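> A single structure is presented below for examination.
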Amino acid sequence: MRHAVAPTESVGNNSFAVTNILKICSHCERLSKKDLGVRIPRPLGNGPSRFIPEKEILQVSKVDGRTQSIFEDAFAALGRLDNISLVMSFHPQYLGSFLRTQHYLLQMDGPLPLHYRHYIGIMAAARHQCSYLVNLHVNDFLQVGGDPKWLNGLDKAPQKLQQLGELNKILAHRPWLLTKEHIKHLLKAEVHSWSLAELIHAVVLLTHYHSLASFAFGCGITPEIHCDGGHTFRPPSLSQYCVCDIANGNGHTINHDDLGNHDLDGEVEVLMERMKQLQECDEEATQEEMATRFEREKTESMLVVTAEDEECVPSRDISRHFEDPSYGYKDFSRGGDQVPTFRVQDYSWEDHGYSLVNRLYPDVGQMLDEKFQLAYNLTYNTMATHKDVDTSMLRRAIWNYIHCMFGIRYDDYDYGEINQLLDRSFKIYIKTMVCSPEKTTKRMYESFWRQFQHSEKVHVNLLLMEARMQAELLYALRAITRYMT
């Protein structure tokens with residue numbers, strides 16, 4: 001049992017006051033009289049996520065040997081095991097690929113120096129007001145020798161990094177507006193210009209942390225106890241536990257039942273029946289009809305309102321790391337932005353983006369491709385309590401709906417399937433998490449797929465994260481390709 005002591009002033013009185021509020025074990029009572037003057041932090045949250053019961057996450061990591069091995073490797077490399085990794089441990093095969101890729105981007109040989117990589121991570125996470133990721137990389141930035149003055153604001157960073165601000169802004173919120181002129185501005189600057197290899201590295205980092213911010217908000221990730229916002233020194237107001245128990249996370253936790261399952265009997269069965277009907281349908285739409293259905297779905301996606309109406313105003317600690325805080329997501333081609341549909345048949349990750357990344361930043365294209373494929377193809381052939389279910393149609397609908405919101409079209413996909421498989425509450429969650437993740441709420445997380453397991457919802461969030469990253473990359477890499485040709 002770890003030490004917990006009363007405040008330092010007036011030991012006798014304070015000790016009396018605390019013991020009247022809290023049950024103190026005899027060991028801690030003796031220590032309190034010694035007046036050690038040590039403040040013991042206690043976690044503000046219950047576990048790695050505000051949305052998922054801690055016991056479910058810990059249970060997964062205990063029973064899976066592969067997960068334990070991945071955790072050990074991650075701890076050896078980083079000296080920590082963050083809460084994002086703990087939540088991802090529902091899917092250890094994906095987690096392994098994710099951590100290998102992130103480790104390579106941040107720590108292995110590459111075009112950018114180490115402190116630049118972490119600073120770019122800060123810039124990208126700040127764009128979505130993700131203080132969790134910002135704080136992680138502020139610490140990492142300092143540990144690799146970054147100049148603390150840069151953390152006073154983007155305007156205190158080198159001009160070369162400041163020039164990246166426009167690319168960061170557009171990629172995070174409206175990637176369809178990116179052109180080869182933006183690329184030229186970075187590569188042909190009179191001073192502090194970027195090389196192609198450096199720019200590819202920066203683009204991958206930006207898209208990685210934009211999408212990871214979506215995952216962090218979508219899963220309700222909480223700060224670790226040693227991080228800002230992860231602890232408090234205020235004593236808990238519970239009477240049935242010793243303060244030292246609660247300070248170390250051993251106190252009573254709220255039991256989260258699966259919400260509303262008794263009110264939603266048949267939700268999963270209805271979805272499975274729709275999947276079956278679509279699979280059995282022999283009707284083939286014409287190319288013209290397929291194009292019309294895409295445009296209809298794209299238009300309808302604009303009408304899906306993202307989360308809460310109130311504006312999320314970033315704090316000064318976050319907003320100083322990026323420019324133009326008022327710039328945010330704007331629906332594709334709304335407000336006068338007449339941008340042609342991005343046809344995957346003309347520029348795809350598999351045929352174009354993959355090779356460009358691999359050529360300019362060796363091995364990274366392969367790592368990204370493996371990560372995309374794992375998220376897209378990951379399946380346990382289950383849906384809630386049902387087994388031996390082919391979920392490929394559902395996974396494809398989720399992936400393609402996200403790309404549709406970004407104006408990206410697959411000519412061989414029937415977008416009429418999306419409305420059959422994704423209900424409105426799910427679409428609201430998807431659009432909020434992908435486009436305005438800082439507005440994601442626990443109520444939204446609980447409102448979709450209410451009969452499904454938390455592990456299945458985490459899988460959904462992996463799909464959303466990777467589909468978003470690939471969409472941003474497609475626009476950025478196409479602009480770079482157009483500049484090169």
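The way I read the labels, and the way they are meant: chains A, B, ... in the order of the structure tokens, residue 1 as the first residue of every chain, and ligand 1 as the first ligand shown, with later ones counted on from there.
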As a ChimeraX atom specification, please: the residues near Arg395 (chain A) (cut-off 10 Å, only C-alpha atoms, same-chain neighbours under 2 positions excluded).
/A:375-379,390-393,397-401,421,459-460,463
> Would you write out those residues with N, CA and C atoms, as a compact mmCIF listing (two decimals), in the first residue's frame?

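File produced: part.txt:
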```
# COMPACT_ATOMS: atom_id res chain seq x y z
N ALA A 375 -6.54 -2.87 -40.95
CA ALA A 375 -7.76 -2.24 -40.45
C ALA A 375 -8.96 -2.60 -41.32
N TYR A 376 -8.77 -2.58 -42.63
CA TYR A 376 -9.86 -2.82 -43.57
C TYR A 376 -10.33 -4.27 -43.54
N ASN A 377 -9.37 -5.21 -43.44
CA ASN A 377 -9.70 -6.63 -43.54
C ASN A 377 -9.90 -7.31 -42.19
N LEU A 378 -9.61 -6.61 -41.11
CA LEU A 378 -9.72 -7.22 -39.78
C LEU A 378 -11.14 -7.70 -39.52
N THR A 379 -11.27 -8.96 -39.14
CA THR A 379 -12.59 -9.49 -38.82
C THR A 379 -12.44 -10.71 -37.91
N ASP A 390 -20.15 -12.85 -42.18
CA ASP A 390 -19.27 -12.16 -43.13
C ASP A 390 -19.54 -10.66 -43.02
N THR A 391 -18.59 -9.92 -42.47
CA THR A 391 -18.79 -8.48 -42.24
C THR A 391 -18.14 -7.61 -43.32
N SER A 392 -17.65 -8.22 -44.40
CA SER A 392 -16.91 -7.45 -45.41
C SER A 392 -17.76 -6.34 -46.02
N MET A 393 -19.03 -6.60 -46.26
CA MET A 393 -19.90 -5.59 -46.85
C MET A 393 -20.05 -4.38 -45.93
N ALA A 397 -18.70 -0.51 -46.54
CA ALA A 397 -19.63 0.62 -46.50
C ALA A 397 -19.09 1.74 -45.61
N ILE A 398 -18.52 1.37 -44.46
CA ILE A 398 -17.97 2.37 -43.54
C ILE A 398 -16.80 3.10 -44.19
N TRP A 399 -15.87 2.34 -44.76
CA TRP A 399 -14.68 2.92 -45.40
C TRP A 399 -15.08 3.85 -46.54
N ASN A 400 -15.96 3.37 -47.40
CA ASN A 400 -16.33 4.17 -48.58
C ASN A 400 -17.18 5.38 -48.21
N TYR A 401 -17.95 5.29 -47.12
CA TYR A 401 -18.72 6.46 -46.68
C TYR A 401 -17.78 7.59 -46.24
N LEU A 421 -27.09 0.23 -44.71
CA LEU A 421 -26.29 -0.36 -43.65
C LEU A 421 -25.91 0.61 -42.53
N HIS A 459 -12.93 -1.32 -33.16
CA HIS A 459 -12.63 -1.71 -34.54
C HIS A 459 -13.18 -0.68 -35.52
N VAL A 460 -14.40 -0.23 -35.29
CA VAL A 460 -14.98 0.83 -36.12
C VAL A 460 -14.07 2.06 -36.11
N LEU A 463 -11.13 1.66 -38.30
CA LEU A 463 -11.52 1.86 -39.70
C LEU A 463 -11.63 3.35 -40.04
```
> With a cut-off of 12 Å, could you pull out the residues of region 78-184 of chain A touching region 340-348 of chain A and give me the nearest pair of atoms for each, distance in Å to one decimal, using only C-alpha atoms, ordered by chain and ascending number, as a Markdown table?

```
| residue | atom | partner | partner_atom | distance |
| --- | --- | --- | --- | --- |
| A:Pro175 | CA | A:Phe342 | CA | 11.3 |
| A:Trp176 | CA | A:Phe342 | CA | 8.4 |
| A:Leu177 | CA | A:Pro340 | CA | 10.4 |
```
> Residues within 9 Å of region 156-171 of chain A, please, as JSON, numbers by chain. Count only C-alpha atoms; anything in the same chain fewer than 3 positions from it doesn't count.
{"A": [116, 119, 120, 123, 124, 127, 147, 149, 150, 151, 152, 153, 174, 175, 176, 177, 178, 182, 183, 185, 186, 191, 192, 193, 194, 202, 203, 206, 207, 210, 322, 323, 324, 327, 328, 472, 473, 475, 476]}
> Name the residues in contact with Leu368 (chain A) at a cut-off of 9 Å, using only C-alpha atoms, excluding same-chain residues fewer than 4 positions from it; report them as a PDB file with N, CA, C and O atoms, in the first residue's frame.

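Printed below is result.pdb as written:
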```
ATOM      1  N   SER A  97       1.137  -3.567 -35.830  1.00  0.00           N
ATOM      2  CA  SER A  97       1.448  -2.819 -37.052  1.00  0.00           C
ATOM      3  C   SER A  97       1.467  -1.324 -36.785  1.00  0.00           C
ATOM      4  O   SER A  97       2.354  -0.598 -37.263  1.00  0.00           O
ATOM      5  N   PHE A  98       0.497  -0.847 -36.028  1.00  0.00           N
ATOM      6  CA  PHE A  98       0.424   0.578 -35.700  1.00  0.00           C
ATOM      7  C   PHE A  98       1.675   1.046 -34.962  1.00  0.00           C
ATOM      8  O   PHE A  98       2.281   2.070 -35.310  1.00  0.00           O
ATOM      9  N   THR A 101       4.830   1.127 -37.175  1.00  0.00           N
ATOM     10  CA  THR A 101       4.814   2.266 -38.089  1.00  0.00           C
ATOM     11  C   THR A 101       5.122   3.564 -37.353  1.00  0.00           C
ATOM     12  O   THR A 101       5.950   4.375 -37.798  1.00  0.00           O
ATOM     13  N   TYR A 354       1.250   4.603 -52.923  1.00  0.00           N
ATOM     14  CA  TYR A 354       2.149   3.649 -52.273  1.00  0.00           C
ATOM     15  C   TYR A 354       3.562   3.754 -52.832  1.00  0.00           C
ATOM     16  O   TYR A 354       4.545   3.863 -52.083  1.00  0.00           O
ATOM     17  N   ASP A 363      10.450   2.057 -47.227  1.00  0.00           N
ATOM     18  CA  ASP A 363       9.785   1.148 -46.277  1.00  0.00           C
ATOM     19  C   ASP A 363       8.495   1.702 -45.679  1.00  0.00           C
ATOM     20  O   ASP A 363       7.649   0.941 -45.198  1.00  0.00           O
ATOM     21  N   VAL A 364       8.319   3.013 -45.693  1.00  0.00           N
ATOM     22  CA  VAL A 364       7.132   3.585 -45.047  1.00  0.00           C
ATOM     23  C   VAL A 364       5.875   3.281 -45.850  1.00  0.00           C
ATOM     24  O   VAL A 364       4.814   3.008 -45.276  1.00  0.00           O
ATOM     25  N   PHE A 372      -3.184  -0.101 -43.375  1.00  0.00           N
ATOM     26  CA  PHE A 372      -4.485   0.102 -44.036  1.00  0.00           C
ATOM     27  C   PHE A 372      -5.192  -1.239 -44.239  1.00  0.00           C
ATOM     28  O   PHE A 372      -6.384  -1.375 -43.965  1.00  0.00           O
ATOM     29  N   GLN A 373      -4.439  -2.222 -44.759  1.00  0.00           N
ATOM     30  CA  GLN A 373      -5.034  -3.520 -45.066  1.00  0.00           C
ATOM     31  C   GLN A 373      -5.518  -4.225 -43.801  1.00  0.00           C
ATOM     32  O   GLN A 373      -6.588  -4.853 -43.798  1.00  0.00           O
TER      33      GLN A 373
END
```
> Compile the contact shell of Tyr413 (chain A) as a ChimeraX atom specification: residues with an atom at most 10 Å away, counting only C-alpha atoms, same-chain residues fewer than 6 positions apart removed.
/A:285,287,290-291,293-294,396-397,400
> Using only C-alpha atoms, which of the listed residues (A:Arg468, A:His403, A:Arg274, A:Lys427) sits closest to Phe448 (chain A)?
A:Lys427
> For a test of reading the model, state the distance in Å between CA of Gln451 (chain A) and CA of Leu278 (chain A), rounded to one decimal.
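Value for the CA of Gln451 (chain A)-CA of Leu278 (chain A) distance: 21.9 Å.
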> Contacts of His118 (chain A) at 12 Å or less, counting only C-alpha atoms, minus same-chain residues fewer than 5 places along, as a PyMOL selection string?
chain A and resi 102-103+105-107+112-113+123-125+133-147+150-151+161+201-202+205-206+208-209
> Given only C-alpha atoms as the basis, pick out the residue of A:Ser195, A:Thr385, A:Thr179, A:Ser89 nearest to Leu462 (chain A).
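Using only C-alpha atoms, Leu462 (chain A) sits closest to A:Ser89.
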> For the atom pair CA of Ser211 (chain A) and CA of Pro92 (chain A), what is the interatomic distance in Å to one decimal place?
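Interatomic distance here is 19.1 Å.
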> Write out as a ChimeraX atom specification the set of residues from region 50-176 of chain A that DSSP, computed on the backbone, places in helix (DSSP H, G or I).
/A:54-63,65-78,83-88,92-107,114-127,131-143,148-152,154-156,159-162,165-173,175-176
> From the set A:Ala479, A:Met405, A:Cys219, A:Ala213, which residue has the shortest atom-to-atom contact distance to Glu438 (chain A), counting only C-alpha atoms?
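With only C-alpha atoms as the atom set, the closest residue is A:Ala213.
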> Go through A:Arg450, A:Leu212, A:Ala76, A:Glu350 and flag the residue nearest Glu370 (chain A), using only C-alpha atoms for the distances.
A:Glu350
> Pick from A:Tyr132, A:Thr292, A:Glu56, A:Leu114: nearest to Gln453 (chain A), with only C-alpha atoms counted?
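With only C-alpha atoms as the atom set, the closest residue is A:Glu56.
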> Could you please determine the separation between CA of Leu422 (chain A) and CA of Val87 (chain A) in Å, to one decimal place?
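We find that CA of Leu422 (chain A) and CA of Val87 (chain A) lie 24.1 Å from each other.
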